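Note: the block below is input-v8.cif and it holds mmCIF, C-alpha atoms.
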data_entry
#
loop_
_atom_site.label_atom_id
_atom_site.label_comp_id
_atom_site.auth_asym_id
_atom_site.auth_seq_id
_atom_site.Cartn_x
_atom_site.Cartn_y
_atom_site.Cartn_z
CA MET L 1 94.89 3.65 -70.94
CA THR L 2 91.91 2.58 -68.82
CA SER L 3 92.16 -0.91 -67.36
CA LEU L 4 89.69 -3.24 -65.66
CA GLY L 5 90.74 -5.77 -63.07
CA GLY L 6 94.37 -4.99 -63.78
CA ALA L 7 93.99 -5.76 -67.50
CA GLU L 8 94.24 -3.01 -70.08
CA MET L 9 90.91 -2.73 -71.88
CA VAL L 10 92.36 -1.79 -75.28
CA ASP L 11 95.97 -2.16 -76.36
CA TRP L 12 96.01 0.86 -78.64
CA LYS L 13 99.53 0.30 -79.93
CA LEU L 14 98.63 -3.24 -80.90
CA ALA L 15 95.50 -1.93 -82.64
CA VAL L 16 97.67 0.32 -84.80
CA ALA L 17 100.19 -2.45 -85.50
CA THR L 18 97.47 -4.94 -86.40
CA ALA L 19 95.60 -2.56 -88.69
CA THR L 20 98.80 -1.45 -90.39
CA ARG L 21 99.83 -5.06 -90.98
CA LEU L 22 96.43 -6.20 -92.29
CA VAL L 23 95.41 -3.23 -94.39
CA ARG L 24 95.45 -3.89 -98.11
CA PRO L 25 98.29 -2.34 -100.08
CA GLY L 26 97.36 0.70 -102.09
CA PRO L 27 97.45 0.92 -105.87
CA GLU L 28 100.82 0.67 -107.52
CA VAL L 29 102.41 4.01 -108.29
CA SER L 30 105.99 5.01 -108.88
CA ARG L 31 107.83 7.22 -106.42
CA ASP L 32 107.59 10.15 -108.83
CA GLU L 33 103.86 9.54 -109.35
CA ALA L 34 103.31 9.46 -105.60
CA ARG L 35 105.09 12.78 -105.13
CA ALA L 36 103.05 14.34 -107.94
CA ILE L 37 99.77 13.05 -106.49
CA VAL L 38 100.55 14.40 -103.03
CA ALA L 39 101.53 17.78 -104.45
CA GLU L 40 98.38 17.96 -106.55
CA LEU L 41 96.12 17.09 -103.61
CA ARG L 42 97.73 19.84 -101.57
CA ARG L 43 97.17 22.33 -104.39
CA HIS L 44 93.57 21.27 -104.79
CA ALA L 45 92.97 21.50 -101.06
CA LYS L 46 94.30 25.06 -101.05
CA ALA L 47 92.29 26.05 -104.12
CA SER L 48 89.16 24.50 -102.61
CA GLU L 49 89.25 26.99 -99.74
CA GLY L 50 88.38 29.88 -102.03
CA HIS L 51 85.83 27.94 -104.06
CA VAL L 52 83.97 26.69 -100.98
CA ARG L 53 83.96 30.02 -99.17
CA ALA L 54 82.70 31.88 -102.24
CA PHE L 55 79.91 29.38 -102.88
CA THR L 56 78.78 28.93 -99.26
CA ARG L 57 79.40 32.54 -98.18
CA MET L 58 81.03 31.14 -95.06
CA ALA L 59 84.47 32.08 -93.80
CA PRO L 60 86.52 31.68 -90.62
CA PRO L 61 86.65 34.64 -88.21
CA VAL L 62 89.01 37.43 -89.20
CA LYS L 63 92.16 37.78 -87.12
CA ASP L 64 94.66 40.59 -87.64
CA GLY L 65 92.97 41.50 -90.91
CA ASP L 66 93.17 37.98 -92.36
CA ALA L 67 90.72 35.09 -92.43
CA PHE L 68 91.89 32.72 -89.73
CA ALA L 69 91.24 28.99 -90.00
CA GLY L 70 92.89 28.16 -86.70
CA ASP L 71 95.21 25.21 -86.29
CA THR L 72 93.66 23.17 -89.10
CA PRO L 73 96.41 21.69 -91.24
CA VAL L 74 95.72 19.76 -94.42
CA LEU L 75 97.58 16.45 -94.34
CA VAL L 76 97.95 14.02 -97.24
CA VAL L 77 98.37 10.57 -95.67
CA ASP L 78 98.62 6.93 -96.63
CA ARG L 79 96.41 4.22 -95.11
CA ALA L 80 98.75 3.71 -92.16
CA GLY L 81 98.65 7.43 -91.44
CA TRP L 82 94.84 7.37 -91.42
CA ILE L 83 94.91 4.44 -88.99
CA LYS L 84 97.23 6.23 -86.56
CA ALA L 85 95.14 9.39 -86.68
CA ASN L 86 91.91 7.56 -85.97
CA VAL L 87 93.29 5.55 -83.08
CA GLU L 88 94.28 8.83 -81.47
CA GLY L 89 90.76 10.09 -82.09
CA PHE L 90 89.24 6.99 -80.49
CA ARG L 91 91.43 7.39 -77.44
CA ALA L 92 90.44 11.02 -77.03
CA ILE L 93 86.69 10.62 -77.47
CA LEU L 94 86.25 7.27 -75.68
CA GLY L 95 88.36 8.13 -72.64
CA PRO L 96 85.43 9.22 -70.44
CA LEU L 97 83.39 6.13 -71.37
CA LEU L 98 86.24 3.77 -70.54
CA GLU L 99 86.74 5.52 -67.22
CA LYS L 100 83.05 5.07 -66.48
CA MET L 101 83.31 1.38 -67.29
CA GLN L 102 86.21 1.09 -64.89
CA ASP L 103 84.15 2.71 -62.12
CA ARG L 104 81.25 0.33 -62.79
CA ARG L 105 83.24 -2.86 -63.04
CA ASN L 106 81.91 -5.94 -61.26
CA GLY L 107 83.06 -9.51 -60.81
CA THR L 108 81.44 -10.80 -63.98
CA SER L 109 82.64 -8.12 -66.36
CA THR L 110 86.08 -8.12 -64.79
CA ALA L 111 86.39 -11.84 -65.35
CA VAL L 112 85.27 -11.61 -68.94
CA LEU L 113 87.53 -8.68 -69.71
CA GLY L 114 90.38 -10.41 -67.99
CA ALA L 115 89.89 -13.34 -70.33
CA VAL L 116 89.51 -11.19 -73.41
CA GLY L 117 92.39 -8.96 -72.52
CA GLY L 118 93.52 -5.68 -73.96
CA LYS L 119 95.66 -7.38 -76.56
CA VAL L 120 92.76 -9.36 -78.02
CA THR L 121 90.62 -6.25 -78.09
CA GLY L 122 93.43 -4.33 -79.71
CA VAL L 123 93.69 -6.95 -82.44
CA GLU L 124 89.93 -6.82 -83.04
CA LEU L 125 89.92 -3.03 -83.24
CA GLY L 126 92.89 -3.24 -85.59
CA MET L 127 90.94 -5.58 -87.88
CA LEU L 128 88.08 -3.11 -88.12
CA LEU L 129 90.43 -0.20 -88.80
CA SER L 130 92.17 -2.17 -91.54
CA PHE L 131 88.80 -2.62 -93.24
CA LEU L 132 87.89 1.06 -93.01
CA ALA L 133 91.35 2.38 -93.88
CA SER L 134 91.06 1.28 -97.50
CA ARG L 135 87.68 2.97 -97.98
CA VAL L 136 87.93 6.51 -96.59
CA LEU L 137 88.87 9.15 -99.18
CA GLY L 138 89.14 12.08 -96.80
CA GLN L 139 88.17 13.08 -93.29
CA TYR L 140 88.00 16.25 -91.23
CA GLU L 141 89.17 15.17 -87.80
CA THR L 142 87.46 17.40 -85.30
CA PHE L 143 88.60 16.03 -81.95
CA ALA L 144 91.84 14.13 -82.35
CA PRO L 145 94.84 15.48 -80.41
CA GLY L 146 97.86 16.46 -82.45
CA THR L 147 101.00 14.36 -82.46
CA GLY L 148 104.49 14.85 -83.79
CA ASP L 149 103.62 13.04 -87.02
CA LEU L 150 100.05 14.36 -87.26
CA PRO L 151 99.77 17.95 -86.02
CA GLY L 152 96.47 19.65 -85.41
CA ALA L 153 95.66 19.69 -81.70
CA GLY L 154 92.79 21.92 -80.69
CA GLY L 155 91.59 23.04 -84.10
CA GLY L 156 91.11 19.86 -86.08
CA ARG L 157 92.91 18.65 -89.17
CA LEU L 158 91.94 17.62 -92.67
CA LEU L 159 93.17 14.23 -93.87
CA LEU L 160 93.27 13.24 -97.54
CA VAL L 161 94.00 9.53 -98.02
CA ALA L 162 95.99 9.53 -101.25
CA PRO L 163 96.03 5.77 -102.09
CA ASN L 164 92.26 5.50 -101.65
CA ILE L 165 91.61 8.48 -103.89
CA VAL L 166 93.82 6.98 -106.58
CA HIS L 167 92.15 3.58 -106.18
CA VAL L 168 88.64 4.99 -106.66
CA GLU L 169 89.51 7.26 -109.57
CA ARG L 170 91.00 4.26 -111.38
CA GLU L 171 88.07 2.03 -110.48
CA LEU L 172 85.56 4.59 -111.79
CA GLU L 173 87.72 5.41 -114.82
CA VAL L 174 87.23 9.14 -114.38
CA ASP L 175 89.58 12.04 -114.99
CA PRO L 176 92.01 11.83 -112.04
CA HIS L 177 92.66 15.56 -111.80
CA ASP L 178 88.94 16.36 -111.74
CA PHE L 179 88.22 13.62 -109.22
CA ARG L 180 90.94 14.78 -106.83
CA LEU L 181 89.61 18.32 -106.86
CA TRP L 182 86.05 17.05 -106.42
CA VAL L 183 87.04 15.10 -103.30
CA CYS L 184 88.92 18.10 -101.92
CA LEU L 185 85.83 20.29 -102.37
CA HIS L 186 83.80 17.92 -100.18
CA GLU L 187 86.41 17.70 -97.43
CA GLU L 188 87.19 21.42 -97.51
CA THR L 189 83.49 22.08 -96.94
CA HIS L 190 83.75 20.16 -93.66
CA ARG L 191 86.81 22.17 -92.71
CA THR L 192 84.94 25.40 -93.49
CA GLN L 193 81.93 24.29 -91.47
CA PHE L 194 83.99 23.93 -88.33
CA THR L 195 86.29 26.92 -88.79
CA ALA L 196 83.50 29.31 -89.80
CA VAL L 197 81.11 28.19 -87.04
CA PRO L 198 83.13 28.46 -83.80
CA TRP L 199 80.52 26.85 -81.54
CA LEU L 200 79.97 23.77 -83.70
CA ARG L 201 82.90 21.70 -82.46
CA ALA L 202 82.07 22.18 -78.77
CA HIS L 203 78.39 21.48 -79.44
CA ILE L 204 79.03 18.16 -81.15
CA GLU L 205 81.63 17.11 -78.61
CA GLY L 206 79.17 17.92 -75.83
CA GLU L 207 76.48 15.80 -77.47
CA ILE L 208 78.87 12.88 -77.91
CA GLN L 209 80.04 13.04 -74.32
CA SER L 210 76.42 13.27 -73.12
CA PHE L 211 75.64 10.21 -75.18
CA LEU L 212 78.59 8.29 -73.78
CA GLY L 213 77.79 9.50 -70.27
CA GLU L 214 74.36 7.86 -70.51
CA THR L 215 75.80 4.53 -71.61
CA GLU L 216 74.52 1.62 -69.54
CA VAL L 217 76.19 -1.07 -71.62
CA ASP L 218 78.19 -3.63 -69.73
CA PRO L 219 81.83 -3.57 -70.89
CA ALA L 220 81.62 -7.22 -71.87
CA THR L 221 78.61 -6.50 -74.10
CA LEU L 222 80.42 -3.65 -75.82
CA LEU L 223 83.45 -5.80 -76.47
CA GLU L 224 81.25 -8.62 -77.74
CA ARG L 225 79.80 -6.28 -80.35
CA LEU L 226 83.34 -5.35 -81.39
CA ARG L 227 84.15 -9.05 -81.63
CA GLU L 228 81.11 -9.68 -83.84
CA ALA L 229 82.27 -7.01 -86.25
CA ALA L 230 85.78 -8.40 -86.31
CA GLN L 231 84.52 -11.96 -86.85
CA SER L 232 82.43 -10.80 -89.79
CA LEU L 233 85.51 -9.21 -91.29
CA ALA L 234 87.54 -12.36 -90.75
CA GLY L 235 84.86 -14.55 -92.29
CA GLY L 236 84.05 -16.15 -88.93
CA ARG L 237 80.32 -15.89 -89.60
CA PRO L 238 78.60 -17.47 -92.62
CA GLU L 239 77.35 -15.05 -95.25
CA GLY L 240 73.86 -13.83 -94.55
CA GLU L 241 73.89 -15.00 -90.92
CA ASP L 242 74.10 -11.44 -89.67
CA GLY L 243 70.57 -10.80 -91.05
CA GLY L 244 69.02 -8.67 -88.36
CA ALA L 245 72.17 -8.03 -86.33
CA PRO L 246 72.17 -4.56 -84.82
CA SER L 247 74.82 -2.00 -85.57
CA ILE L 248 77.23 -0.85 -82.90
CA VAL L 249 75.18 2.33 -82.41
CA ASP L 250 72.12 0.14 -81.79
CA LEU L 251 73.54 -0.48 -78.32
CA VAL L 252 71.54 2.59 -77.28
CA GLN L 253 69.42 1.60 -74.32
CA THR L 254 68.09 4.71 -72.62
CA PRO L 255 65.47 7.24 -73.79
CA ALA L 256 67.99 10.02 -73.18
CA GLN L 257 70.47 8.36 -75.53
CA ARG L 258 67.84 7.98 -78.22
CA GLU L 259 67.13 11.71 -78.05
CA ILE L 260 70.83 12.57 -78.21
CA LEU L 261 71.40 10.17 -81.09
CA ALA L 262 68.50 11.72 -83.00
CA ARG L 263 70.10 15.16 -82.63
CA LEU L 264 73.52 13.84 -83.65
CA THR L 265 72.03 12.07 -86.66
CA ALA L 266 70.39 15.31 -87.74
CA VAL L 267 73.54 17.41 -87.45
CA MET L 268 75.67 14.79 -89.21
CA SER L 269 73.11 14.59 -92.01
CA LEU L 270 73.31 18.37 -92.29
CA LEU L 271 77.12 18.39 -92.43
CA GLU L 272 77.43 15.53 -94.92
CA GLY L 273 74.56 16.72 -97.10
CA HIS L 274 75.92 20.27 -97.13
CA ALA L 275 79.32 18.98 -98.25
CA ASP L 276 77.75 16.96 -101.07
CA TYR L 277 75.64 19.94 -102.14
CA VAL L 278 78.66 22.24 -102.19
CA MET L 279 80.94 19.85 -104.09
CA ASP L 280 78.32 19.51 -106.80
CA GLY L 281 77.42 23.20 -106.75
CA VAL L 282 81.01 24.32 -107.19
CA GLY L 283 81.77 21.46 -109.55
CA PRO L 284 80.44 22.77 -112.89
CA GLN L 285 82.68 25.84 -112.67
CA VAL L 286 85.92 24.07 -111.75
CA VAL L 287 85.42 20.32 -112.38
CA PRO L 288 84.51 19.82 -116.05
CA SER L 289 83.53 16.17 -115.67
CA VAL L 290 81.57 16.58 -112.43
CA THR L 291 78.36 15.07 -113.84
CA GLU L 292 80.12 11.87 -114.88
CA ILE L 293 81.99 11.67 -111.56
CA ARG L 294 78.84 12.11 -109.50
CA GLU L 295 76.88 9.51 -111.47
CA LYS L 296 79.61 6.87 -111.23
CA PHE L 297 80.36 7.64 -107.59
CA GLN L 298 76.69 7.33 -106.60
CA GLN L 299 76.51 3.96 -108.33
CA ARG L 300 79.58 2.85 -106.42
CA ARG L 301 78.09 3.98 -103.10
CA ALA L 302 74.86 2.13 -103.82
CA ARG L 303 76.35 -1.22 -104.77
CA GLY L 304 79.09 -1.42 -102.14
CA ALA L 305 81.69 -4.10 -102.61
CA GLY L 306 79.75 -7.32 -102.06
CA ARG L 307 77.82 -9.18 -99.39
CA LEU L 308 80.57 -9.06 -96.78
CA ASP L 309 80.92 -5.32 -97.33
CA ALA L 310 77.15 -4.91 -96.92
CA ALA L 311 77.16 -6.93 -93.70
CA LEU L 312 79.93 -4.82 -92.22
CA ARG L 313 78.27 -1.59 -93.32
CA LYS L 314 75.17 -2.60 -91.36
CA LEU L 315 77.07 -3.79 -88.30
CA LEU L 316 79.18 -0.64 -88.14
CA GLY L 317 76.30 1.68 -88.95
CA LEU L 318 77.85 2.77 -92.27
CA ASP L 319 74.56 2.23 -94.09
CA ALA L 320 73.14 4.98 -91.90
CA LYS L 321 75.98 7.25 -92.98
CA LEU L 322 75.07 6.73 -96.63
CA ARG L 323 71.52 7.80 -95.83
CA GLN L 324 72.93 10.90 -94.17
CA TYR L 325 74.56 11.98 -97.44
CA ARG L 326 71.30 11.52 -99.33
CA ASP L 327 68.85 12.95 -96.81
CA GLY L 328 71.10 15.83 -95.84
CA GLU L 329 71.72 16.86 -99.43
CA ARG L 330 67.98 16.88 -100.09
CA PHE L 331 67.44 19.08 -97.03
CA VAL L 332 70.10 21.60 -98.07
CA ARG L 333 68.89 21.73 -101.66
CA ALA L 334 65.26 22.25 -100.65
CA VAL L 335 66.09 25.02 -98.18
CA VAL L 336 68.43 26.86 -100.56
CA ASP L 337 65.82 26.63 -103.32
CA GLU L 338 63.25 28.23 -101.03
CA VAL L 339 65.19 30.86 -99.07
CA GLY L 340 68.56 31.15 -100.85
CA MET L 341 72.07 30.52 -99.54
CA ASP L 342 71.95 33.35 -97.00
CA GLY L 343 68.65 32.03 -95.75
CA PHE L 344 70.06 28.55 -95.44
CA ASN L 345 73.08 29.87 -93.54
CA ARG L 346 70.82 30.75 -90.64
CA VAL L 347 71.26 27.10 -89.77
CA TRP L 348 74.70 28.02 -88.38
CA THR L 349 73.37 30.72 -86.00
CA SER L 350 73.23 28.54 -82.87
CA PRO L 351 72.43 25.00 -81.75
CA ASN L 352 68.77 26.06 -81.65
CA THR L 353 68.73 26.68 -85.40
CA LEU L 354 70.14 23.27 -86.33
CA PRO L 355 67.51 21.07 -87.97
CA THR L 356 65.91 18.26 -86.03
CA LYS L 357 65.86 14.74 -87.41
CA ALA L 358 62.22 15.27 -88.42
CA GLU L 359 63.09 18.56 -90.15
CA ILE L 360 65.83 16.87 -92.19
CA ALA L 361 63.02 14.79 -93.70
CA LYS L 362 60.69 17.83 -93.98
CA PRO L 363 62.78 20.92 -94.83
CA ALA L 364 59.67 23.12 -95.02
CA ASP L 365 59.19 22.61 -91.29
CA TRP L 366 62.67 23.99 -90.60
CA VAL L 367 61.98 26.98 -92.83
CA ALA L 368 58.70 27.59 -91.02
CA ARG L 369 60.35 27.37 -87.60
CA VAL L 370 63.49 29.40 -88.28
CA HIS L 371 62.35 31.89 -90.94
CA ARG L 372 58.66 32.47 -90.65
CA LYS L 373 58.78 32.62 -86.87
CA SER L 374 61.51 35.27 -86.99
CA GLU L 375 59.54 37.29 -89.54
CA LYS L 376 56.48 37.62 -87.30
#
Write out the structure in this file as structure tokens.
Amino acid sequence: MTSLGGAEMVDWKLAVATATRLVRPGPEVSRDEARAIVAELRRHAKASEGHVRAFTRMAPPVKDGDAFAGDTPVLVVDRAGWIKANVEGFRAILGPLLEKMQDRRNGTSTAVLGAVGGKVTGVELGMLLSFLASRVLGQYETFAPGTGDLPGAGGGRLLLVAPNIVHVERELEVDPHDFRLWVCLHEETHRTQFTAVPWLRAHIEGEIQSFLGETEVDPATLLERLREAAQSLAGGRPEGEDGGAPSIVDLVQTPAQREILARLTAVMSLLEGHADYVMDGVGPQVVPSVTEIREKFQQRRARGAGRLDAALRKLLGLDAKLRQYRDGERFVRAVVDEVGMDGFNRVWTSPNTLPTKAEIAKPADWVARVHRKSEK
């Protein structure tokens, strides 16, 4: 991978090894239970396809007479599998940024990075991944390259993290079969978004690469922010000391990046809010206890897991992600209430019909721009 001053910037293999070693063990289940859980998640993922497509009226392009989802496998993984998948994703998406840092290296940053070293950075990244790996229930990986263990190059892949799903269903004391289907509905919605809207993947990737291309952060500064996050996780900073510490995404320095980040925030709010809206919309028909699940899950989201968890959420920008679920769901609900599902689906027409960050907060403005303008 990219190196500066002869030193590898990130030891990716060590990041995987560190995260895998540090990640908390999952809930105790017997071998037979584990097999049954994996099989059930696969069934629910398959069943969710039909439920989501019928409710959203979205479907992948038709190829040879059949709906074609592309190379988008559904993979049930453990925490180590999630870690490996995400490291591959980081390598793919951050490659251009690391190359830019190499081109811009100077004596100071080279010296600092030489001292930090790729192995130290790999350990720090591994610590962060170990924290996240026990919290993610599912993920649609849009950009990660496929590997022998984790296929899916080019078309994305859906990951369901079985031990985390089991952990949360036990913690909430909800019906496990209903909860597993409910999670699958959310993640399948993301899969449908990207397979039914062919331009969406390239659009988001282009925005991310534009954002990274504008980065003016010194490599040492970026690594220091990673170190701060890792130190928080390790307890190296007293509780409450992080107070006003910025998140990693707060490294934005240029006006161009702020504009790009606003657009990315809007589209991610749309995608997350749409998934929440769909999982609850489909729920009453196929998930009998959906009301109880939603209420308990929202309470869990709101309270987090303590002060350390709250500090890390802020530093990593995860508090912003929680707002995306809430604000995006409100946007989708308001638009569907006003113009119906088909009217809402105009949002997928082109990048120009995606809502702006301001329109996420004021859905009527999006309706006025996209619908009323077209009706004149």
Step by step, work through what the PyMOL selection byres ((chain L and resi 76) around 9) selects in the shown file, and finish by giving those residues as a list in words.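 Output of the PyMOL selection byres ((chain L and resi 76) around 9): Val38, Ala39, Leu41, Arg42, Val74, Leu75, Val77, Asp78, Gly81, Leu158, Leu159, Leu160, Val161 and Ala162 of chain L.
The coordinates place CA of Ala266 in chain L at 8.2 Å from CA of Ala358 in chain L.
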- [ ] For the file shown, report as number ranges by chain the outcome of the PyMOL selection byres ((chain L and resi 125) around 8) at residue level.
- [x] L: 15, 19, 121-124, 126-129, 226, 230
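The residues caught by the PyMOL selection byres ((chain L and resi 207) around 12) in this file are Ile93, Leu200, Arg201, Ala202, His203, Ile204, Glu205, Gly206, Ile208, Gln209, Ser210, Phe211, Leu212, Gly213, Glu214, Ala256, Gln257, Arg258, Glu259, Ile260, Leu261, Ala262, Arg263, Leu264, Thr265, Ala266, Val267, Met268 and Pro351 of chain L.
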The residue from L:Val16, L:Val336, L:Val367, L:Val10 with the smallest atom-to-atom distance to Gly281 in chain L, counting only C-alpha atoms, is L:Val336
